[in-house]
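Shown below: my_file18.cif, with mmCIF, C-alpha atoms and all ligand atoms.
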data_final
#
loop_
_atom_site.label_atom_id
_atom_site.label_comp_id
_atom_site.auth_asym_id
_atom_site.auth_seq_id
_atom_site.Cartn_x
_atom_site.Cartn_y
_atom_site.Cartn_z
CA MET E 118 64.75 57.25 88.80
CA THR E 119 62.02 54.93 87.53
CA ASP E 120 62.77 51.66 85.76
CA ASP E 121 61.57 53.27 82.54
CA LEU E 122 64.51 55.63 82.45
CA ASN E 123 67.45 53.55 83.58
CA PHE E 124 68.53 52.24 80.17
CA GLY E 125 68.18 53.36 76.59
CA ALA E 126 69.52 51.95 73.33
CA LEU E 127 68.63 52.72 69.74
CA ARG E 128 70.12 51.72 66.42
CA SER E 129 68.86 53.26 63.22
CA PRO E 130 69.69 54.16 59.62
CA ARG E 131 71.99 57.16 59.16
CA HIS E 132 69.38 58.96 57.05
CA ILE E 133 65.63 58.53 57.38
CA LEU E 134 63.27 60.35 55.03
CA PHE E 135 59.51 60.23 55.28
CA GLY E 136 56.80 61.94 53.25
CA ALA E 137 54.92 62.10 49.96
CA GLY E 138 57.35 62.67 47.09
CA GLN E 139 60.49 61.82 49.13
CA ARG E 140 61.18 58.85 46.82
CA PHE E 141 62.69 61.34 44.40
CA ALA E 142 65.46 62.02 46.93
CA LEU E 143 66.74 58.53 46.03
CA ALA E 144 68.89 59.66 43.07
CA ARG E 145 71.14 61.95 45.12
CA HIS E 146 71.49 59.38 47.90
CA VAL E 147 72.54 56.75 45.35
CA ALA E 148 75.06 59.15 43.78
CA ARG E 149 76.41 60.05 47.23
CA LEU E 150 77.12 56.39 48.05
CA GLY E 151 78.52 54.96 44.81
CA GLN E 152 78.55 54.77 41.05
CA ARG E 153 77.06 51.43 40.10
CA VAL E 154 73.66 50.77 41.58
CA LEU E 155 71.62 47.57 41.59
CA ILE E 156 67.93 47.89 42.42
CA VAL E 157 66.59 44.69 44.03
CA THR E 158 62.85 44.34 43.50
CA ASP E 159 60.12 42.00 42.21
CA GLN E 160 58.43 41.68 38.84
CA ARG E 161 55.26 43.48 39.89
CA MET E 162 57.18 46.54 41.03
CA ALA E 163 59.63 46.53 38.10
CA ALA E 164 56.72 46.73 35.65
CA SER E 165 54.93 49.59 37.45
CA ASP E 166 54.83 53.23 36.37
CA ASP E 167 56.11 54.26 39.81
CA PHE E 168 59.20 52.15 39.26
CA LEU E 169 59.93 53.36 35.72
CA GLN E 170 59.62 56.99 36.78
CA LEU E 171 61.83 56.50 39.82
CA ALA E 172 64.49 54.52 37.92
CA ASP E 173 64.60 57.28 35.26
CA SER E 174 65.16 59.88 37.97
CA VAL E 175 68.03 57.82 39.43
CA ARG E 176 69.65 57.31 36.00
CA VAL E 177 70.11 61.08 35.60
CA LEU E 178 72.69 61.07 38.41
CA ALA E 179 73.71 57.40 38.42
CA PRO E 180 73.55 56.12 34.83
CA ALA E 181 75.11 52.73 35.66
CA LEU E 182 71.85 51.30 36.98
CA ALA E 183 70.87 47.64 36.81
CA VAL E 184 67.69 45.97 38.04
CA TYR E 185 67.25 42.54 39.60
CA ASP E 186 63.51 41.84 39.59
CA GLY E 187 63.55 38.19 40.68
CA VAL E 188 62.55 38.55 44.35
CA GLU E 189 59.94 35.97 45.34
CA ALA E 190 57.77 35.67 48.45
CA GLU E 191 59.38 33.75 51.35
CA LEU E 192 62.83 34.48 49.87
CA PRO E 193 63.89 31.04 48.62
CA ALA E 194 67.67 30.54 48.39
CA GLU E 195 67.65 30.51 44.56
CA CYS E 196 66.23 34.02 44.27
CA LEU E 197 68.83 35.34 46.70
CA ALA E 198 71.65 33.63 44.82
CA ALA E 199 70.43 35.06 41.51
CA GLY E 200 70.29 38.53 43.09
CA LEU E 201 73.89 38.16 44.26
CA ASP E 202 74.96 37.07 40.76
CA ALA E 203 73.28 40.12 39.27
CA ALA E 204 75.10 42.38 41.73
CA LYS E 205 78.47 40.79 40.92
CA ARG E 206 77.91 40.92 37.16
CA HIS E 207 77.05 44.59 37.39
CA GLY E 208 79.95 45.39 39.73
CA ALA E 209 77.43 47.04 42.06
CA ASP E 210 78.71 49.36 44.77
CA VAL E 211 75.27 50.49 46.01
CA ILE E 212 72.22 48.28 46.56
CA VAL E 213 68.66 49.62 46.67
CA GLY E 214 65.88 47.41 48.07
CA LEU E 215 62.63 48.64 46.57
CA GLY E 216 59.34 46.90 47.39
CA GLY E 217 57.73 45.14 50.34
CA GLY E 218 59.66 43.59 53.19
CA SER E 219 60.65 40.67 50.95
CA CYS E 220 62.51 42.94 48.51
CA ILE E 221 64.21 44.89 51.30
CA ASP E 222 65.29 41.70 53.08
CA ALA E 223 66.59 40.30 49.77
CA ALA E 224 68.59 43.50 49.22
CA LYS E 225 70.04 43.16 52.72
CA ILE E 226 71.28 39.64 51.94
CA VAL E 227 72.73 40.71 48.57
CA ALA E 228 74.54 43.64 50.23
CA LEU E 229 75.83 41.29 52.93
CA GLN E 230 77.16 38.58 50.62
CA LEU E 231 78.59 41.08 48.16
CA ALA E 232 80.72 42.54 50.94
CA HIS E 233 81.60 39.41 52.93
CA GLY E 234 81.05 36.37 50.68
CA GLY E 235 79.96 33.07 52.20
CA THR E 236 76.41 31.76 52.30
CA PRO E 237 73.46 33.17 54.24
CA ALA E 238 73.77 30.26 56.70
CA ASP E 239 77.18 31.60 57.79
CA TYR E 240 75.38 34.56 59.36
CA TYR E 241 72.26 33.02 60.96
CA GLY E 242 71.61 34.31 64.47
CA GLU E 243 72.75 37.49 66.17
CA HIS E 244 75.93 39.54 65.61
CA LYS E 245 77.55 37.18 63.08
CA ILE E 246 78.36 39.81 60.41
CA PRO E 247 81.97 41.00 60.73
CA GLY E 248 81.68 44.55 59.34
CA PRO E 249 79.89 46.97 57.02
CA VAL E 250 77.83 45.55 54.16
CA THR E 251 77.70 47.16 50.71
CA PRO E 252 75.93 50.55 51.10
CA LEU E 253 72.22 49.86 51.20
CA ILE E 254 69.18 52.07 50.65
CA ALA E 255 65.68 50.81 51.47
CA VAL E 256 62.54 52.15 49.84
CA PRO E 257 59.45 50.32 51.16
CA THR E 258 56.23 50.04 49.15
CA THR E 259 54.19 48.44 51.94
CA ALA E 260 53.51 50.05 55.32
CA GLY E 261 54.36 47.11 57.47
CA THR E 262 57.61 45.34 58.13
CA GLY E 263 59.75 48.34 59.09
CA SER E 264 62.64 46.44 57.48
CA GLU E 265 63.91 49.79 56.14
CA ALA E 266 65.00 50.58 59.70
CA THR E 267 65.78 47.18 61.22
CA PRO E 268 68.92 45.04 61.68
CA VAL E 269 67.29 41.80 60.55
CA ALA E 270 66.50 39.84 57.38
CA VAL E 271 64.24 36.79 57.42
CA ILE E 272 64.78 34.13 54.75
CA SER E 273 63.94 30.53 53.81
CA ASP E 274 66.56 27.82 54.21
CA PRO E 275 66.12 24.69 52.11
CA GLU E 276 67.47 22.63 55.04
CA ARG E 277 65.00 23.95 57.61
CA ALA E 278 61.25 23.84 57.96
CA VAL E 279 60.86 27.36 59.38
CA LYS E 280 62.26 30.69 58.19
CA VAL E 281 65.49 31.89 59.77
CA GLY E 282 66.79 35.31 60.76
CA ILE E 283 70.09 37.08 60.29
CA ALA E 284 70.34 39.89 62.82
CA SER E 285 73.18 42.38 62.98
CA PRO E 286 73.36 46.17 63.24
CA TRP E 287 75.43 46.06 60.02
CA LEU E 288 72.23 45.09 58.16
CA ILE E 289 70.47 48.35 58.98
CA PRO E 290 70.11 50.25 55.70
CA GLU E 291 72.32 53.34 55.45
CA THR E 292 69.33 55.31 54.18
CA ALA E 293 65.58 54.64 54.50
CA ILE E 294 63.16 56.50 52.24
CA CYS E 295 59.49 56.07 53.15
CA ASP E 296 57.14 57.64 50.64
CA PRO E 297 53.48 56.87 51.41
CA GLU E 298 52.49 57.51 47.78
CA LEU E 299 54.18 54.20 46.99
CA THR E 300 51.64 52.41 49.20
CA LEU E 301 48.56 53.80 47.40
CA THR E 302 48.47 50.74 45.13
CA CYS E 303 48.39 48.21 48.00
CA PRO E 304 45.08 46.29 47.86
CA PRO E 305 42.98 46.13 51.07
CA GLY E 306 44.15 42.65 52.11
CA LEU E 307 47.83 43.59 51.83
CA THR E 308 47.24 46.92 53.59
CA ALA E 309 45.54 45.04 56.43
CA VAL E 310 48.16 42.36 57.00
CA SER E 311 51.16 44.64 56.57
CA GLY E 312 49.64 47.33 58.83
CA ALA E 313 48.72 44.71 61.43
CA ASP E 314 52.32 43.42 61.26
CA ALA E 315 53.52 46.93 62.12
CA LEU E 316 51.10 47.19 65.05
CA VAL E 317 52.36 43.87 66.41
CA HIS E 318 55.96 45.13 66.09
CA ALA E 319 55.11 48.24 68.08
CA ILE E 320 53.10 46.42 70.76
CA GLU E 321 55.64 43.63 71.18
CA ALA E 322 58.51 46.15 71.38
CA TYR E 323 56.61 48.14 74.01
CA THR E 324 55.54 45.15 76.12
CA THR E 325 58.74 43.15 75.79
CA ALA E 326 60.77 42.19 78.87
CA ARG E 327 63.00 44.81 80.43
CA ARG E 328 66.51 43.35 80.83
CA GLN E 329 69.08 44.08 83.51
CA PRO E 330 71.28 46.40 81.49
CA ASP E 331 75.05 46.18 81.71
CA ALA E 332 77.78 47.50 79.43
CA GLU E 333 77.89 44.21 77.49
CA ILE E 334 74.23 43.93 76.57
CA THR E 335 74.34 45.73 73.21
CA HIS E 336 77.49 43.82 72.23
CA ASP E 337 76.07 40.44 73.16
CA HIS E 338 72.53 40.95 71.84
CA VAL E 339 70.99 42.63 68.82
CA PHE E 340 67.59 42.75 70.52
CA VAL E 341 67.94 44.12 74.03
CA GLY E 342 64.37 44.41 75.34
CA LYS E 343 62.30 47.47 76.12
CA THR E 344 64.30 50.69 76.58
CA ALA E 345 63.76 54.38 77.26
CA LEU E 346 64.72 55.20 73.66
CA THR E 347 62.55 52.60 71.94
CA ASP E 348 59.37 53.16 74.00
CA PRO E 349 58.59 56.62 72.51
CA TYR E 350 58.82 55.19 68.98
CA ALA E 351 56.63 52.24 69.95
CA LEU E 352 53.97 54.48 71.47
CA ALA E 353 54.00 56.89 68.52
CA ALA E 354 53.70 53.93 66.18
CA ILE E 355 50.72 52.50 68.05
CA GLU E 356 48.95 55.86 68.02
CA ASN E 357 49.54 56.39 64.29
CA ILE E 358 48.52 52.88 63.30
CA VAL E 359 45.41 52.41 65.46
CA GLY E 360 44.15 55.84 64.39
CA SER E 361 44.37 55.18 60.65
CA LEU E 362 44.75 51.51 59.74
CA ALA E 363 41.05 50.73 59.28
CA GLU E 364 40.62 53.85 57.12
CA ALA E 365 43.69 52.95 55.02
CA VAL E 366 42.23 49.48 54.44
CA GLU E 367 38.72 50.70 53.65
CA ASN E 368 39.68 53.80 51.66
CA GLY E 369 43.04 53.10 50.09
CA LYS E 370 43.20 56.44 48.27
CA ASN E 371 43.24 58.38 51.54
CA LEU E 372 46.84 59.64 51.53
CA ALA E 373 46.58 61.04 55.06
CA ALA E 374 45.63 57.59 56.41
CA ARG E 375 48.31 55.92 54.26
CA SER E 376 50.88 58.41 55.60
CA ALA E 377 49.96 57.79 59.25
CA VAL E 378 50.22 54.02 58.81
CA MET E 379 53.53 54.25 56.97
CA LEU E 380 54.99 56.60 59.58
CA GLY E 381 53.76 54.18 62.25
CA ALA E 382 55.35 51.21 60.48
CA LEU E 383 58.68 53.05 60.31
CA GLN E 384 58.46 54.04 63.99
CA ALA E 385 57.57 50.45 64.87
CA GLY E 386 60.68 49.29 62.96
CA LEU E 387 62.83 51.74 64.94
CA ALA E 388 61.34 50.40 68.19
CA PHE E 389 61.51 46.67 67.56
CA GLY E 390 64.81 46.87 65.66
CA THR E 391 66.49 47.46 69.01
CA ALA E 392 63.94 46.22 71.58
CA GLY E 393 62.97 43.06 69.68
CA THR E 394 59.72 41.16 69.32
CA SER E 395 58.49 38.14 71.22
CA VAL E 396 55.98 35.35 71.35
CA CYS E 397 53.72 36.34 68.41
CA HIS E 398 56.74 36.16 66.13
CA ALA E 399 58.00 32.92 67.69
CA VAL E 400 54.70 31.17 66.94
CA GLN E 401 54.27 32.73 63.47
CA TYR E 402 57.42 31.11 62.10
CA PRO E 403 56.16 27.49 62.36
CA VAL E 404 52.59 28.56 61.56
CA GLY E 405 53.79 30.35 58.41
CA ALA E 406 55.81 27.28 57.40
CA LEU E 407 52.72 25.05 57.72
CA THR E 408 50.08 27.32 56.21
CA HIS E 409 52.04 29.59 53.85
CA THR E 410 50.05 32.51 55.19
CA ALA E 411 51.54 36.02 55.26
CA HIS E 412 53.87 36.91 58.12
CA GLY E 413 51.68 39.89 59.09
CA LEU E 414 48.53 37.79 59.21
CA GLY E 415 50.16 35.19 61.44
CA VAL E 416 51.59 37.63 63.98
CA ALA E 417 48.36 39.66 64.07
CA LEU E 418 46.23 36.58 64.65
CA MET E 419 48.41 35.79 67.68
CA LEU E 420 48.38 39.25 69.27
CA PRO E 421 45.13 39.24 71.30
CA TYR E 422 46.05 35.82 72.73
CA ALA E 423 49.61 36.93 73.50
CA LEU E 424 48.29 40.02 75.32
CA GLU E 425 45.97 37.83 77.38
CA PHE E 426 48.85 35.44 78.11
CA ASN E 427 51.13 38.32 79.17
CA ARG E 428 48.64 40.51 81.02
CA ALA E 429 49.94 39.81 84.52
CA PHE E 430 53.48 40.73 83.42
CA ALA E 431 52.79 43.75 81.19
CA GLY E 432 49.60 45.16 82.69
CA ALA E 433 50.75 48.79 82.86
CA GLU E 434 51.90 48.70 79.25
CA ILE E 435 48.68 47.09 78.01
CA ALA E 436 46.67 49.71 79.90
CA ALA E 437 48.75 52.49 78.28
CA ILE E 438 48.17 51.00 74.82
CA GLY E 439 44.45 51.07 75.59
CA ARG E 440 44.58 54.78 76.37
CA LEU E 441 46.04 55.37 72.88
CA MET E 442 43.06 53.45 71.51
CA GLY E 443 40.55 55.56 73.41
CA VAL E 444 39.94 52.97 76.15
CA SER E 445 39.54 54.65 79.56
CA GLU E 446 38.30 52.31 82.26
CA THR E 447 39.03 53.34 85.83
CA ASP E 448 39.65 49.82 87.08
CA GLU E 449 43.00 48.44 85.84
CA MET E 450 41.70 44.93 85.13
CA ALA E 451 38.79 46.36 83.18
CA GLN E 452 41.21 48.62 81.26
CA ILE E 453 43.32 45.61 80.27
CA ASP E 454 40.24 43.57 79.28
CA ALA E 455 38.90 46.41 77.17
CA THR E 456 42.29 47.04 75.51
CA ILE E 457 42.66 43.42 74.44
CA ALA E 458 39.07 43.50 73.16
CA ALA E 459 39.81 46.73 71.23
CA VAL E 460 42.86 45.16 69.54
CA ALA E 461 40.78 42.10 68.64
CA ALA E 462 37.96 44.32 67.30
CA LEU E 463 40.35 46.34 65.10
CA PHE E 464 41.74 43.12 63.63
CA GLU E 465 38.24 41.72 63.13
CA ARG E 466 37.24 44.92 61.29
CA ILE E 467 40.18 44.55 58.87
CA ARG E 468 39.44 40.83 58.49
CA ILE E 469 42.38 39.23 60.21
CA PRO E 470 41.41 35.58 60.93
CA LYS E 471 40.73 34.80 64.58
CA SER E 472 42.15 31.32 65.13
CA LEU E 473 44.81 28.91 63.95
CA ALA E 474 42.04 26.48 62.97
CA GLU E 475 40.59 29.14 60.65
CA ILE E 476 43.84 29.35 58.63
CA GLY E 477 44.05 25.60 58.18
CA VAL E 478 46.35 24.48 61.02
CA ALA E 479 45.60 20.85 61.89
CA GLU E 480 45.17 20.02 65.59
CA ASP E 481 47.83 17.31 65.45
CA LYS E 482 50.42 19.99 64.52
CA LEU E 483 50.02 21.98 67.73
CA ASP E 484 52.79 20.08 69.53
CA TRP E 485 55.22 20.75 66.70
CA ILE E 486 54.26 24.43 66.59
CA ALA E 487 54.85 24.79 70.34
CA GLU E 488 58.19 23.01 70.11
CA GLN E 489 59.42 25.10 67.16
CA ALA E 490 58.22 28.34 68.74
CA LEU E 491 60.14 27.58 71.94
CA ASN E 492 63.27 27.01 69.84
CA ALA E 493 63.21 30.67 68.72
CA ASN E 494 65.24 31.65 71.74
CA ARG E 495 65.99 35.25 70.66
CA LEU E 496 62.21 35.86 70.63
CA ILE E 497 61.19 33.76 73.63
CA LYS E 498 63.72 35.41 75.94
CA ASN E 499 62.07 38.74 75.15
CA ASN E 500 58.58 37.79 76.25
CA PRO E 501 57.48 39.66 79.38
CA ARG E 502 56.10 36.45 80.91
CA PRO E 503 58.64 33.62 81.04
CA VAL E 504 57.46 30.93 78.62
CA ASP E 505 57.80 27.26 79.52
CA ARG E 506 56.44 24.31 77.57
CA ALA E 507 53.15 24.22 79.48
CA GLY E 508 52.60 27.94 78.91
CA MET E 509 53.38 27.66 75.20
CA ASP E 510 51.05 24.67 74.86
CA ALA E 511 48.25 26.64 76.51
CA LEU E 512 48.86 29.69 74.30
CA VAL E 513 48.90 27.64 71.10
CA ALA E 514 45.81 25.63 72.13
CA ALA E 515 43.81 28.77 72.95
CA THR E 516 44.82 30.38 69.65
CA PHE E 517 43.89 27.22 67.76
CA ALA E 518 40.46 27.20 69.38
CA GLY E 519 39.98 30.96 69.00
CA ASP E 520 39.18 31.21 72.71
CA ARG E 521 40.99 33.80 74.85
CA THR E 522 38.98 32.85 77.94
CA ARG E 523 41.00 29.64 78.23
CA LEU E 524 44.06 31.78 78.95
CA ALA E 525 42.18 34.12 81.26
CA GLU E 526 41.19 31.12 83.37
CA ARG E 527 44.86 30.16 83.80
CA ASN E 528 46.00 33.64 84.86
N1 LIG C 601 63.45 42.53 58.14
C1 LIG C 601 62.46 42.84 58.95
O1 LIG C 601 62.62 43.65 59.86
C2 LIG C 601 61.12 42.20 58.72
C3 LIG C 601 60.07 42.44 59.62
C4 LIG C 601 58.85 41.84 59.37
C5 LIG C 601 58.67 41.03 58.27
N2 LIG C 601 59.72 40.79 57.43
C6 LIG C 601 59.58 39.97 56.23
O2 LIG C 601 58.96 40.77 55.23
C7 LIG C 601 58.19 39.93 54.37
C8 LIG C 601 56.79 40.47 54.23
O3 LIG C 601 56.86 41.74 53.67
P1 LIG C 601 55.56 42.54 53.21
O4 LIG C 601 54.46 42.32 54.17
O5 LIG C 601 55.97 43.93 52.95
O6 LIG C 601 55.11 41.78 51.88
P2 LIG C 601 55.97 41.26 50.65
O7 LIG C 601 57.20 42.04 50.47
O8 LIG C 601 56.13 39.78 50.81
O9 LIG C 601 54.98 41.54 49.45
C9 LIG C 601 53.74 40.87 49.34
C10 LIG C 601 53.14 41.14 47.99
O10 LIG C 601 52.73 42.51 47.92
C11 LIG C 601 53.15 43.09 46.69
N3 LIG C 601 53.33 44.54 46.91
C12 LIG C 601 54.32 45.17 47.58
N4 LIG C 601 54.12 46.50 47.54
C13 LIG C 601 52.99 46.72 46.83
C14 LIG C 601 52.28 47.89 46.43
N5 LIG C 601 52.68 49.12 46.78
N6 LIG C 601 51.17 47.74 45.67
C15 LIG C 601 50.72 46.50 45.32
N7 LIG C 601 51.35 45.36 45.67
C16 LIG C 601 52.49 45.47 46.42
C17 LIG C 601 54.44 42.36 46.37
O11 LIG C 601 54.73 42.46 44.99
C18 LIG C 601 54.10 40.94 46.81
O12 LIG C 601 53.40 40.27 45.80
C19 LIG C 601 58.24 38.54 54.96
O13 LIG C 601 59.23 37.79 54.25
C20 LIG C 601 58.68 38.77 56.39
O14 LIG C 601 59.37 37.65 56.93
C21 LIG C 601 60.92 41.39 57.63
#
In structure tokens, how does this file's structure come out?
Ligand SMILES: NC(=O)c1ccc[n+]([C@@H]2O[C@H](COP(=O)([O-])OP(=O)(O)OC[C@H]3O[C@@H](n4cnc5c(N)ncnc54)[C@H](O)[C@@H]3O)[C@@H](O)[C@H]2O)c1
Amino acid sequence: MTDDLNFGALRSPRHILFGAGQRFALARHVARLGQRVLIVTDQRMAASDDFLQLADSVRVLAPALAVYDGVEAELPAECLAAGLDAAKRHGADVIVGLGGGSCIDAAKIVALQLAHGGTPADYYGEHKIPGPVTPLIAVPTTAGTGSEATPVAVISDPERAVKVGIASPWLIPETAICDPELTLTCPPGLTAVSGADALVHAIEAYTTARRQPDAEITHDHVFVGKTALTDPYALAAIENIVGSLAEAVENGKNLAARSAVMLGALQAGLAFGTAGTSVCHAVQYPVGALTHTAHGLGVALMLPYALEFNRAFAGAEIAAIGRLMGVSETDEMAQIDATIAAVAALFERIRIPKSLAEIGVAEDKLDWIAEQALNANRLIKNNPRPVDRAGMDALVAATFAGDRTRLAERN
């Protein structure tokens, strides 16, 4: 038996729907789960024709419908508290998160606190939620985060500089409904950063460290490293996203391209929701806190550097990713070089910035970024190459300078 097949783990929603028009399956899923539904969304979505039409269709079967449209980017504590108040006032017994990853993560927190009380801080980290949350349905409108299928919500804490995660299988939505027609309105910049986020999820899940499995691993950890059940989702995600992301960015009305990217984002969520992500995410948290740039932009900017950093520890995986991108060098080193270059070229084409300097990070913040990134233990432990302080400093410095060759020289 090869290493690839000796351990598999997968956690997922109970129902997953994908396809144009599937959003209209929402009404019967809401009615199946409860009688008083709160839709958690943002003002942009709540004012859209798509929303009004969908809410009308839900009201036919679930007339007790209320809307909380106060979700804000970065999920500040106040907007989560107001969402919880709205749920309590309405007596909600089903929560729907409708929107980008921010709205879905907000819905996860509302469903969590409605069922178990407390504050979000009570649940920071892995496996801190004691039981089922209020039934939760996720309907994404970006093709990116995969939050509709994942056990994690990422929020801001007024006491902390960087965003924090709550990770528990109980946070996985009961039902995920992915309708690519809802992404047709995403402007090119949003399509690019959210699609790049999904590609990073898939690549990090596929290249992440393989743990020594034992019967405790899934009880002790939410994110368990690369497994035989997550790899196929990661590979399918990579193929779908690399084949269609540039077209979705450049021709946003192309439903076939939108569909491929959204399917890829969902598959990436299924892969990383169990396998986990690693160093790109660890560095993005402090970088996002400093620059207020989008999560997807920050993780995508990191990816070519992270692949270079990890190449000696995930060479076979990087080479396989290259084959999905049409790279076919006979020499393994050349295959890895060309794969990293192909990832960088795709991101350049969709206008992802190429260095930390370019997004306004000051050089005197690099130490702090490295320190904070190393603190994200659940992510660092997943990286295929063990990361010490010197390695993290080198990675951050190369990414600041926009120079992958600095890392190649160290390998
Ligand atoms: N829980 C997870 O598994 C997970 C994974 C990755 C990222 N995240 C989190 O998700 C958030 C990012 O989510 P995101 O990238 O989806 O963006 P987002 O939810 O922050 O939305 C960004 C902007 O896009 C707008 N928007 C959303 N859908 C649109 C559409 N169809 N048309 C036009 N505009 C639209 C929103 O109104 C908002 O203004 C971050 O908070 C990040 O930390 C969560």
Query raised in the report: Which distance in Å separates CA of Leu407 in chain E and CA of Ala284 in chain E, to one decimal?
Result: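 Straight-line distance from CA of Leu407 in chain E to CA of Ala284 in chain E works out to 23.6 Å.
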Closest atom pairs, chain E residues within 6 Å of ligand LIG 601 (chain C), all atoms listed in the file, as CSV:
residue,atom,partner,partner_atom,distance
E:Arg161,CA,C:LIG601,O11,5.2
E:Ala190,CA,C:LIG601,O8,5.0
E:Glu191,CA,C:LIG601,O13,5.0
E:Gly216,CA,C:LIG601,N4,5.2
E:Gly217,CA,C:LIG601,O7,3.1
E:Gly218,CA,C:LIG601,O3,3.4
E:Ser219,CA,C:LIG601,O7,3.7
E:Cys220,CA,C:LIG601,O7,5.7
E:Asp222,CA,C:LIG601,N1,5.4
E:Thr258,CA,C:LIG601,N5,4.4
E:Thr259,CA,C:LIG601,N4,4.8
E:Gly261,CA,C:LIG601,O5,5.8
E:Thr262,CA,C:LIG601,C4,3.9
E:Gly263,CA,C:LIG601,O1,5.6
E:Ser264,CA,C:LIG601,O1,3.7
E:Thr267,CA,C:LIG601,O1,4.9
E:Val269,CA,C:LIG601,N1,4.6
E:Ala270,CA,C:LIG601,N1,4.1
E:Val271,CA,C:LIG601,O14,5.0
E:Leu299,CA,C:LIG601,N5,5.3
E:Thr300,CA,C:LIG601,N5,4.2
E:Thr302,CA,C:LIG601,N6,4.1
E:Cys303,CA,C:LIG601,N6,3.7
E:Ser311,CA,C:LIG601,O4,4.7
E:His412,CA,C:LIG601,C20,5.4
Query raised in the report: Counting all atoms listed in the file, which of E:Asn500, E:Thr391, E:Ser472, E:Asn371 gets nearest to Phe426 in chain E?
Result: E:Asn500
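Remark: for Asn368 in chain E, the closest of the candidate residues E:Val147, E:Ala388, E:Ala278, E:Ile467 is E:Ile467 (distances computed over only C-alpha atoms).
For the pair CA of Asp159 in chain E and CA of Glu189 in chain E, the interatomic distance is 6.8 Å.
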Cut-off 9 Å: closest range 197-309 of chain E/range 402-405 of chain E atom pairs per residue, using all atoms listed in the file, as a tab-separated table:
residue	atom	partner	partner_atom	distance
E:Ala278	CA	E:Pro403	CA	7.7
E:Val279	CA	E:Pro403	CA	5.6
E:Lys280	CA	E:Tyr402	CA	6.2
E:Val281	CA	E:Tyr402	CA	8.4
Query raised in the report: Counting all atoms listed in the file, which of E:Ala354, E:Ala148, E:Leu463, E:Met162 gets nearest to Gly386 in chain E?
Result: E:Ala354
Starting from the point (63.6, 39.5, 70.9), work out which residues of protein, DNA or RNA have an atom no more than 10 Å away when counting only C-alpha atoms; state them as a JSON list (two decimals) with C-alpha atoms, in the coordinates of the input.
[["chain", "number", "residue", "atom", "x", "y", "z"],
["E", 321, "GLU", "CA", 55.64, 43.63, 71.18],
["E", 322, "ALA", "CA", 58.51, 46.15, 71.38],
["E", 325, "THR", "CA", 58.74, 43.15, 75.79],
["E", 326, "ALA", "CA", 60.77, 42.19, 78.87],
["E", 338, "HIS", "CA", 72.53, 40.95, 71.84],
["E", 339, "VAL", "CA", 70.99, 42.63, 68.82],
["E", 340, "PHE", "CA", 67.59, 42.75, 70.52],
["E", 341, "VAL", "CA", 67.94, 44.12, 74.03],
["E", 342, "GLY", "CA", 64.37, 44.41, 75.34],
["E", 343, "LYS", "CA", 62.30, 47.47, 76.12],
["E", 389, "PHE", "CA", 61.51, 46.67, 67.56],
["E", 390, "GLY", "CA", 64.81, 46.87, 65.66],
["E", 391, "THR", "CA", 66.49, 47.46, 69.01],
["E", 392, "ALA", "CA", 63.94, 46.22, 71.58],
["E", 393, "GLY", "CA", 62.97, 43.06, 69.68],
["E", 394, "THR", "CA", 59.72, 41.16, 69.32],
["E", 395, "SER", "CA", 58.49, 38.14, 71.22],
["E", 396, "VAL", "CA", 55.98, 35.35, 71.35],
["E", 398, "HIS", "CA", 56.74, 36.16, 66.13],
["E", 399, "ALA", "CA", 58.00, 32.92, 67.69],
["E", 493, "ALA", "CA", 63.21, 30.67, 68.72],
["E", 494, "ASN", "CA", 65.24, 31.65, 71.74],
["E", 495, "ARG", "CA", 65.99, 35.25, 70.66],
["E", 496, "LEU", "CA", 62.21, 35.86, 70.63],
["E", 497, "ILE", "CA", 61.19, 33.76, 73.63],
["E", 498, "LYS", "CA", 63.72, 35.41, 75.94],
["E", 499, "ASN", "CA", 62.07, 38.74, 75.15],
["E", 500, "ASN", "CA", 58.58, 37.79, 76.25]]
Query - Interatomic distance, CA of Ser361 in chain E to CA of Gly413 in chain E (Å, one decimal) - result: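 CA of Gly413 in chain E lies 17.0 Å from CA of Ser361 in chain E.
Here the question is which of E:Asn427, E:Arg468, E:Ile476, E:Lys225 gets nearest to Gly508 in chain E using all atoms listed in the file, and that residue is E:Asn427.
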